[in-house]
Structure formats: C-alpha cells, structure tokens
Amino acid sequence: MIVELGAFALILALVLAGLTTVLATAGRLRLSPVLAGAGGGALIASAAATALAFAALIYAFAVSDFSVSNVALNSHTDKPMLYKVAAAWGSHEGSLVLWCLVMTGFGGALALARGLPFGLKTSSVAVQGALSTMFLAFAVFTSNPFARLDPAPVQGASLNPLLQDPALAFHPPLLYAGYVGFSVCFSLAVAALIEKRVDPAWGRWVRPWALASWAFLTVGILLGSFWAYYELGWGGWWFWDPVENASFMPWLAGAALLHSAIVTERRGALAGWTVFLAILAFTFSMLGAFLVRSGVLTSVHAFAVDPERGMMLLAILGVAAGAAFILFAFRAPAIRSGAAFAPISREGALVLNNLFLTAAAATVLLGTLYPLILEGISGATISVGPPYFNATFVPLLVVACLILPAGPLLAWKRGDLKGALQRLWLAAGLAVVAAFAAFLLFEPKKALAAAGLGVGAWLILGALAEVGVRTKAFRAPLVETLRRAKGLPLGAWGMTLAHAGLGVFILGAVVETSFKAEAAAAVPLGGVVSSGPWRVRLDAVEVIEGPNYLAEQGRLTVMPVSGDAVERVVTAERRFFPAGGQTTTEVGLDFRGLDDVYVVMGERARSEDGEQAWTVRVYYNPWARLIFLGPAIMALGGVLSLLDRRLRVGAGSRRKTEVKA
C-alpha cells in the first residue's frame, strides 16, 4: 500500500508541477497575485508530494520489499540498514527521484522567497515548474521507481559493493543539491530575460543561490574524490573520468557565475555575461545527468541505462537549454553593460578571472565529449586522459591563480595596480622563497613541482595579505587590528577562506602527484615492502565475516625506513560479496601528519622462495591530507559567505540595467 501511495504521490507531483507553470504564467499575463500565489503554492505542494514519494521508496528499501523491481535489483536482506537506505538513490530510478526532490524543494524555497518583484518571481517560478515537470515526467513515464515484479523474488541482487560506503551514502544528496541548485539560477536568468530586467538587485538575488549550490557541489565532489581514493584501491583521487568531469564542469561555471554576479550586484556591469553563466551552469548539470544515465559512458560512477532513456534526457537538455539560449540570443544585444570601468580595476580582474574559468571549463568539455563525438561519427575509439588535461587545463588554472590575489586589492571602477602589487610584495617574496626551498629540499628535484608549490603558497599568502590590508595588521595597534577583524563581514572571511583553500589544495595536489612513491611485491607472513620513507610488514592474515561479505583481512605494521617514528598497525581487506559475486578491496590508511601510507591487499601468490604469499601494494602519498582539506576550507568559505547578512536582507541598489524590447 505504501508503495502505491508513493507511485500516486510521484504522479501527483508531476501534475502539480505542470499546474505551477500554467498558474504562474497566467498570473503573470493577467497581473494576478492570486493566480501567481496559487502557482507558487502548487510548486510547494509538488515538493511535498515528491518528498512523500521519496519517503515511500526509502521505506520499500528499508523493509526489503522485493516486489518492487528497483529494490530487487539494488538491495539485499543482508545489507546494513545504512546501505539499504542509500540504495534508494544508488540506482537510476531512485537517483532521479532524488533529483526531482531537490529541484521541487528548491522551487518551493524560491516560491516562498520574499523581496523579489512580482514579475521576476512569478516568471522564475513558472520556469522552475516547467523544469520540474520535464524531469518528473521522465521519472513517471520512463523510469518508474515503483514498478512491481510478479512474482517477487525471494532475494535481491544487492547494490554494487563499491557503493556500499559511508562517503557514497552522503555523496549523491550533496552533489545533487549542487547540481540542481543551479536550476534556480537558471530560472532567475530566464525570468530576467523574459521580464527585461537584469540589474544590480537581480545580481544580488542570484548570488545566494549560486553560492549555496557551489558550496554543496564542492562538498559533493570532495566526498566522491575521497571515496575513490580509499575505496577503489588504485591510490589516486582524480582520474579525469568523464563522470568526474560531469560534476567538475558545473563547478567551474558556478565559480565563474559567483564572481560575475558580484560585478553585476556592485556595479551593474557584466549583466549579460552573468545571465549566460547562470544558464550555462545548469546546462552543464543537465549534461552531466545525460552522460551518467544515457549508457554512452562506461564508468564505476555511471548508471547502466538503455539508450532510449538517454535520448529522453537529451531531449530535456535540448528543450530547456535550447530555449534558454535562444531567448538569450534575442535579448542579449539589448542588455546594457552598466557602469563603465577601466581594464585595471576590480571589475577587470573579475572579468579576467571569468575568462580563464570558462576557458578551463571549455577544455574539460572538449576532453569529455570529443571521444564520444568521434566514436559516434567514425566508430573510432580514443581515450582522453591526464596528459591532455595537464597540457590544457593546468596552464589556464595556473594563470588564473597568479591573477587571483591582486583582484580584491584593486578598487572598483579604476584600480591602482602598482599599489596592489606593493601590498602583495611580501606574499610574492615568500612564495618565491617557498618554491626555491621546495626545489632544494624535495627529492627528486623537479622545477615544475617547485613552481606549483610556489603558486599554492602565493594563493594562501595573498589571501592573508588581503586580510592584513583590511585589518591594518602590523600597521596599527593590535587592539585596532582586532577591532577591524571583528568588523569584517562574513563574506570577506568567506572569500579569504575560499581562495586560501584553493591554495591548500594545490599544495597537496602538486606534492602528492609529483613525489608519491609506490611498490608492490608478493610477500609471505613476516615479509616487508618498502615505499618512500616507510616499510610495511605483513604480520597476519585471517578470514573474517561481515554483515554481507566474507573478507581476507591482513594485519600490517607500518615502520619508518630510518628514524624513530612510531610503528602503527593497519588492516587491509579483500572482500567477497556472495549476493553479487563481486570482490572489492578495503585499503589500509596510516595517516602520518600530512602524509598517507596507503596499503592494498591483493590476491594470494607465491613468493620467490615458493612460500604462500599475498600481493601487497604500498603507496606513499605525501601531503595527501591537503588535497581533501583544501576543498573543505573552500566549502566552509562558501557557507560563511552565505551566512553574511547582506545576502539575506534587502535588495541593494535599485539602479537598473534595462533590456530594450
């Protein structure tokens, strides 16, 4: 009965989403607050109905109702409850309901928002309702999560063991909050074009949604990267997998949107560009949904879905993004650029920042789609991997990072570049010293790696220098400095943390990729494998039984090659899941300050002496902690900025950037 209730709720959500668009459109055309309010109410009700449907789906997984096809294909009675619940969004059908829940939920929040002008709010609610209608229709008619099986199987097929992990339980909801959050920016952008209103106040309304979406997406990508790092057993955290890129492209577009919206809000400039980025960010999100669910990609991240449903998603992408870009093409020429500014100004720095971010997103898009397009046209297969992205994306990122610290120190409209550089001379000098010291101290000596360390240090020190300038650190009494620091808005601290977090990430990524070491050997009990400054001894191997798996667990001791570092014991496993007949690895991680000693147990083998042995791989990953700490700091910066009172009250300046009909 609860499953049928969920199916009914999903259909009701679809009807209410469609009603939203009809009522909101009618309310806007007739200038009727009653009809417009009814449209907003319908969207809120659609969100409630979708939540009910999602709760019913979770219930079906929790009680192992294998009469539901989705449950039978993705769950098992022996699974821990956390993974039964997480399996509700571990399949194509369930994840699509989650997508619709986030979309209608954000739409409901938009309908409840105060301060938006009647026309802009009503039009944006209508657009959000139309988007929700398309995705809910896709879920109801092609991807029904409540489809029944008759007869019902006695046992389910279980969820992919690789996805049975705490990080993957929370990764999709956070990722979707970021993906789908950009739908509100999309709706506001389309509404602004319809209403011919793109002004500083509009930029102020867009920025909180972009900031929240970007912060959610940062945490979602972070969890996914950390899961890949410790779950897949290959010692890496990013491989430029097409599905990884599908989440990275909206992140880059969202970062550009955030910076562009600041210029629109503060100066009324870059209005058309901000609208374009708002449309682009959610277009990339929809493209990611298509890539993951169309069956065109083979990836551990992808859902295996038939091409017909992929074509339906492609149609949604074409209709939504195509209509938005066509409208933009008609309206954009008439959008006034707002206040003029000199090339050397804060606006100019933000424009330059946007150019590099969008160019970087374009390189990722090309590297992701080119193999698919080539295969579709000629049948030839080609792999685009790290070498391409290192040659194209990395230089663009480096240039953007070199420019970044100077931007906040430039004045609006017309800046003093010489003055800004004078304030950054100490940060620049220390960054150069850090790069030179890295070249001398790290072995082997790598000039490019040392330069990368200098870039990371430049970002961190530049962010601190900007705070120092604002607080007059070392130039005023300590009491005055503390008073100024206390008076800084949360948005300023958020910007500092975001920029510094990027620097922390770069430090970790450069050192880990440039100076990591790995070794593998077939070792008997008591055997040793050395990697970098660490030795790992295999002490014991035993078979253990988990809730839904059997594991061969190795107990290993991590010891220093030299010195008096404390020895530590880690465990690593090879797990066999009888339900799916799959084997996975559980790595042993020994955290040594900023470094990781990463141990993987392999299959049984024979040592050189003919003894029973096990293949043991050991990775020494220096400064790996910073790879995950940096994005966490960036997300914290986004949250702090979101809590800034200036983003939650008022509409700011009323200067308008009109769009001529």
# chains A, B, ... in the order shown; residues from 1 in each chain; ligands from 1
>>> residues_around(residues="range 549-551 of chain A", least_positions_apart="3", cutoff="12 Å", atoms="only C-alpha atoms", output="count of residues only")
33
>>> residues_around(residues="range 229-239 of chain A", least_positions_apart="5", cutoff="10 Å", atoms="only C-alpha atoms", output="CSV table (one decimal) with C-alpha atoms, in the first residue's frame")
chain,number,residue,atom,x,y,z
A,162,LEU,CA,31.8,-0.4,-4.4
A,163,LEU,CA,28.8,1.9,-3.5
A,164,GLN,CA,28.4,0.4,0.0
A,165,ASP,CA,30.4,3.0,1.7
A,167,ALA,CA,31.0,8.5,1.8
A,222,LEU,CA,35.1,16.2,-2.2
A,223,LEU,CA,33.3,13.1,-0.8
A,224,GLY,CA,33.3,11.4,-4.2
A,244,GLU,CA,34.1,13.1,-12.7
A,245,ASN,CA,34.3,15.8,-15.3
A,300,VAL,CA,32.0,2.9,-11.9
A,385,GLY,CA,43.2,11.2,-20.1
A,386,PRO,CA,45.5,13.1,-17.8
A,509,ALA,CA,47.9,18.0,-5.3
A,512,GLU,CA,51.2,14.1,-4.0
A,513,THR,CA,51.3,13.8,-7.7
A,516,LYS,CA,54.5,9.9,-4.5
A,518,GLU,CA,54.7,3.0,-4.8
A,584,THR,CA,36.4,-5.4,-3.6
A,585,THR,CA,39.4,-4.0,-1.7
A,586,GLU,CA,39.4,-2.1,1.6
A,587,VAL,CA,42.6,-0.2,1.8
A,588,GLY,CA,44.7,0.3,5.0
A,589,LEU,CA,45.4,4.0,5.6
A,597,VAL,CA,50.8,5.4,3.8
A,598,TYR,CA,48.3,3.6,1.7
A,599,VAL,CA,48.3,-0.2,1.8
A,600,VAL,CA,46.3,-2.6,-0.5
A,601,MET,CA,46.0,-6.4,0.0
A,602,GLY,CA,45.9,-8.3,-3.2
A,617,ARG,CA,50.9,-2.8,-2.8
A,618,VAL,CA,52.1,0.2,-0.8
A,619,TYR,CA,51.8,3.8,-1.8
A,620,TYR,CA,53.5,6.7,-0.1
A,621,ASN,CA,51.3,9.8,-0.7
A,624,ALA,CA,47.7,13.9,0.6
A,627,ILE,CA,44.1,17.5,-1.2
A,628,PHE,CA,40.9,17.0,0.9
>>> atom_distance(atom1="CA of Leu270 in chain A", atom2="CA of Ala255 in chain A")
15.0 Å
>>> residues_around(residues="Ala189 in chain A", least_positions_apart="5", cutoff="7 Å", atoms="only C-alpha atoms", output="list in words")
Val275, Ala278 and Ile279 of chain A
>>> select_by_dssp(residues="range 230-282 of chain A", states="alpha helix (DSSP H)", output="VMD selection string")
chain A and resid 230 to 231 242 to 267 271 to 282
>>> write_last_selection(atoms="C-alpha atoms", output="short mmCIF file (atom, residue, chain, number, x, y, z; two decimals), in the first residue's frame")
data_model
loop_
_atom_site.label_atom_id
_atom_site.label_comp_id
_atom_site.auth_asym_id
_atom_site.auth_seq_id
_atom_site.Cartn_x
_atom_site.Cartn_y
_atom_site.Cartn_z
CA TYR A 230 40.27 4.90 -0.32
CA GLU A 231 37.71 2.56 -1.88
CA PRO A 242 34.10 11.59 -17.83
CA VAL A 243 31.65 11.30 -14.95
CA GLU A 244 34.05 13.14 -12.67
CA ASN A 245 34.28 15.83 -15.33
CA ALA A 246 30.47 15.97 -15.46
CA SER A 247 30.47 17.31 -11.90
CA PHE A 248 33.54 19.49 -12.39
CA MET A 249 32.15 21.48 -15.32
CA PRO A 250 29.18 22.97 -13.41
CA TRP A 251 31.55 23.66 -10.51
CA LEU A 252 33.79 25.75 -12.77
CA ALA A 253 30.80 27.52 -14.34
CA GLY A 254 29.38 28.14 -10.86
CA ALA A 255 32.66 29.65 -9.67
CA ALA A 256 32.65 31.97 -12.69
CA LEU A 257 28.99 32.84 -12.01
CA LEU A 258 29.78 33.77 -8.41
CA HIS A 259 32.49 36.20 -9.44
CA SER A 260 30.45 37.65 -12.28
CA ALA A 261 27.37 38.14 -10.06
CA ILE A 262 29.50 40.22 -7.69
CA VAL A 263 30.27 42.67 -10.51
CA THR A 264 26.61 42.80 -11.56
CA GLU A 265 25.49 43.38 -7.99
CA ARG A 266 28.07 46.00 -7.11
CA ARG A 267 28.43 47.84 -10.40
CA ALA A 271 24.83 41.68 -16.66
CA GLY A 272 24.57 39.71 -19.89
CA TRP A 273 27.59 37.58 -19.01
CA THR A 274 26.13 36.74 -15.60
CA VAL A 275 22.85 35.65 -17.22
CA PHE A 276 24.79 33.49 -19.68
CA LEU A 277 26.76 31.80 -16.88
CA ALA A 278 23.59 31.16 -14.88
CA ILE A 279 22.13 29.33 -17.88
CA LEU A 280 25.43 27.55 -18.59
CA ALA A 281 25.91 26.23 -15.04
CA PHE A 282 22.62 24.32 -15.03
#
>>> residues_around(residues="Phe66 in chain A", least_positions_apart="3", cutoff="8 Å", atoms="only C-alpha atoms", output="ChimeraX atom specification")
/A:69,71-72,149,152-156
>>> residues_around(residues="Gly94 in chain A", least_positions_apart="6", cutoff="9 Å", atoms="only C-alpha atoms", output="PyMOL selection string")
chain A and resi 54+57+70+87-88+143-145
>>> write_last_selection(atoms="N, CA and C atoms", output="tab-separated table (two decimals), in the first residue's frame")
chain	number	residue	atom	x	y	z
A	54	PHE	N	9.52	9.93	-2.28
A	54	PHE	CA	10.88	9.52	-1.94
A	54	PHE	C	10.90	8.76	-0.61
A	57	LEU	N	9.78	5.29	-1.24
A	57	LEU	CA	10.84	4.50	-1.86
A	57	LEU	C	11.85	4.04	-0.82
A	70	ASN	N	12.93	-2.01	-8.52
A	70	ASN	CA	14.09	-1.21	-8.15
A	70	ASN	C	14.77	-1.75	-6.90
A	87	ALA	N	20.71	2.82	-0.91
A	87	ALA	CA	20.39	2.19	-2.19
A	87	ALA	C	19.20	2.85	-2.85
A	88	ALA	N	18.38	3.56	-2.06
A	88	ALA	CA	17.24	4.26	-2.64
A	88	ALA	C	17.67	5.29	-3.67
A	143	SER	N	11.06	5.96	-16.13
A	143	SER	CA	11.95	5.47	-15.08
A	143	SER	C	11.19	5.30	-13.76
A	144	ASN	N	10.07	4.60	-13.83
A	144	ASN	CA	9.21	4.44	-12.66
A	144	ASN	C	9.94	3.68	-11.55
A	145	PRO	N	10.21	4.32	-10.41
A	145	PRO	CA	10.93	3.62	-9.35
A	145	PRO	C	10.07	2.64	-8.58
>>> atom_distance(atom1="CA of Arg535 in chain A", atom2="CA of Leu626 in chain A")
22.9 Å
>>> residues_around(residues="Glu347 in chain A", least_positions_apart="4", cutoff="7 Å", atoms="only C-alpha atoms", output="list in words")
Val263, Phe341, Val351, Trp412 and Lys413 of chain A
>>> write_last_selection(atoms="C-alpha atoms", output="mmCIF file, in the first residue's frame")
data_model
loop_
_atom_site.group_PDB
_atom_site.id
_atom_site.type_symbol
_atom_site.label_atom_id
_atom_site.label_comp_id
_atom_site.auth_asym_id
_atom_site.auth_seq_id
_atom_site.Cartn_x
_atom_site.Cartn_y
_atom_site.Cartn_z
ATOM 1 C CA VAL A 263 30.266 42.667 -10.510
ATOM 2 C CA PHE A 341 35.242 50.500 -15.719
ATOM 3 C CA VAL A 351 36.422 39.598 -15.937
ATOM 4 C CA TRP A 412 36.135 49.337 -8.180
ATOM 5 C CA LYS A 413 35.900 51.238 -11.487
#
>>> residues_around(residues="range 421-432 of chain A", least_positions_apart="2", cutoff="9 Å", atoms="only C-alpha atoms", output="list in words")
Pro405, Ala406, Leu409, Asp416, Leu417, Lys418, Gly419, Ala434, Ala435, Phe436, Ala437, Ala451, Leu453, Gly454, Val455, Gly456, Ala457, Trp458, Leu459, Ile460, Leu461, Gly462, Leu464, Ala465, Glu466 and Val469 of chain A
>>> closest_atom_pairs(of="range 20-137 of chain A", to="range 210-220 of chain A", cutoff="12 Å", atoms="only C-alpha atoms", output="CSV")
residue,atom,partner,partner_atom,distance
A:Val102,CA,A:Ser213,CA,11.2
A:Met103,CA,A:Ser213,CA,11.8
A:Phe106,CA,A:Ser213,CA,10.5
>>> atom_distance(atom1="CA of Val3 in chain A", atom2="CA of Ala86 in chain A")
17.4 Å
>>> decode(residues="range 20-88 of chain A", atoms="C-alpha atoms", output="tab-separated table (two decimals), in the first residue's frame")
chain	number	residue	atom	x	y	z
A	20	THR	CA	2.62	25.53	-11.35
A	21	THR	CA	3.71	26.60	-14.82
A	22	VAL	CA	0.13	27.15	-16.01
A	23	LEU	CA	-0.97	29.16	-12.96
A	24	ALA	CA	2.22	31.20	-12.67
A	25	THR	CA	2.17	32.05	-16.37
A	26	ALA	CA	-1.49	33.03	-16.19
A	27	GLY	CA	-0.82	35.09	-13.09
A	28	ARG	CA	1.98	36.94	-14.84
A	29	LEU	CA	-0.02	37.60	-18.00
A	30	ARG	CA	-3.07	38.80	-16.07
A	31	LEU	CA	-1.02	40.56	-13.37
A	32	SER	CA	-2.96	38.49	-10.83
A	33	PRO	CA	-1.26	37.96	-7.44
A	34	VAL	CA	-3.89	35.33	-6.65
A	35	LEU	CA	-3.03	33.16	-9.65
A	36	ALA	CA	0.69	33.76	-9.15
A	37	GLY	CA	0.40	32.77	-5.48
A	38	ALA	CA	-1.54	29.66	-6.46
A	39	GLY	CA	1.30	28.75	-8.82
A	40	GLY	CA	3.85	29.11	-6.04
A	41	GLY	CA	1.62	27.05	-3.74
A	42	ALA	CA	1.37	24.32	-6.36
A	43	LEU	CA	5.16	24.13	-6.57
A	44	ILE	CA	5.41	23.85	-2.77
A	45	ALA	CA	2.79	21.10	-2.86
A	46	SER	CA	4.73	19.37	-5.65
A	47	ALA	CA	7.81	19.38	-3.44
A	48	ALA	CA	5.78	17.83	-0.59
A	49	ALA	CA	4.39	15.15	-2.91
A	50	THR	CA	7.86	14.33	-4.23
A	51	ALA	CA	9.14	14.08	-0.65
A	52	LEU	CA	6.33	11.64	0.12
A	53	ALA	CA	7.22	9.55	-2.94
A	54	PHE	CA	10.88	9.52	-1.94
A	55	ALA	CA	9.99	8.50	1.63
A	56	ALA	CA	7.89	5.63	0.26
A	57	LEU	CA	10.84	4.50	-1.86
A	58	ILE	CA	13.15	4.56	1.15
A	59	TYR	CA	10.57	2.54	3.09
A	60	ALA	CA	10.48	-0.10	0.35
A	61	PHE	CA	14.25	-0.44	0.57
A	62	ALA	CA	14.27	-0.44	4.37
A	63	VAL	CA	11.82	-3.37	4.59
A	64	SER	CA	13.37	-5.17	1.58
A	65	ASP	CA	10.18	-5.20	-0.48
A	66	PHE	CA	11.47	-7.21	-3.43
A	67	SER	CA	8.15	-6.98	-5.22
A	68	VAL	CA	9.45	-3.55	-6.28
A	69	SER	CA	11.79	-4.04	-9.22
A	70	ASN	CA	14.09	-1.21	-8.15
A	71	VAL	CA	14.53	-2.77	-4.68
A	72	ALA	CA	15.08	-6.27	-6.08
A	73	LEU	CA	17.82	-5.03	-8.41
A	74	ASN	CA	19.65	-2.88	-5.86
A	75	SER	CA	19.16	-4.31	-2.39
A	76	HIS	CA	19.57	-7.44	-0.28
A	77	THR	CA	18.32	-8.53	3.12
A	78	ASP	CA	21.87	-8.93	4.48
A	79	LYS	CA	22.89	-5.34	3.77
A	80	PRO	CA	23.35	-2.96	6.74
A	81	MET	CA	20.44	-0.53	7.11
A	82	LEU	CA	22.56	2.49	6.09
A	83	TYR	CA	23.22	0.94	2.70
A	84	LYS	CA	19.61	-0.20	2.31
A	85	VAL	CA	18.55	3.43	2.69
A	86	ALA	CA	21.40	4.70	0.49
A	87	ALA	CA	20.39	2.19	-2.19
A	88	ALA	CA	17.24	4.26	-2.64
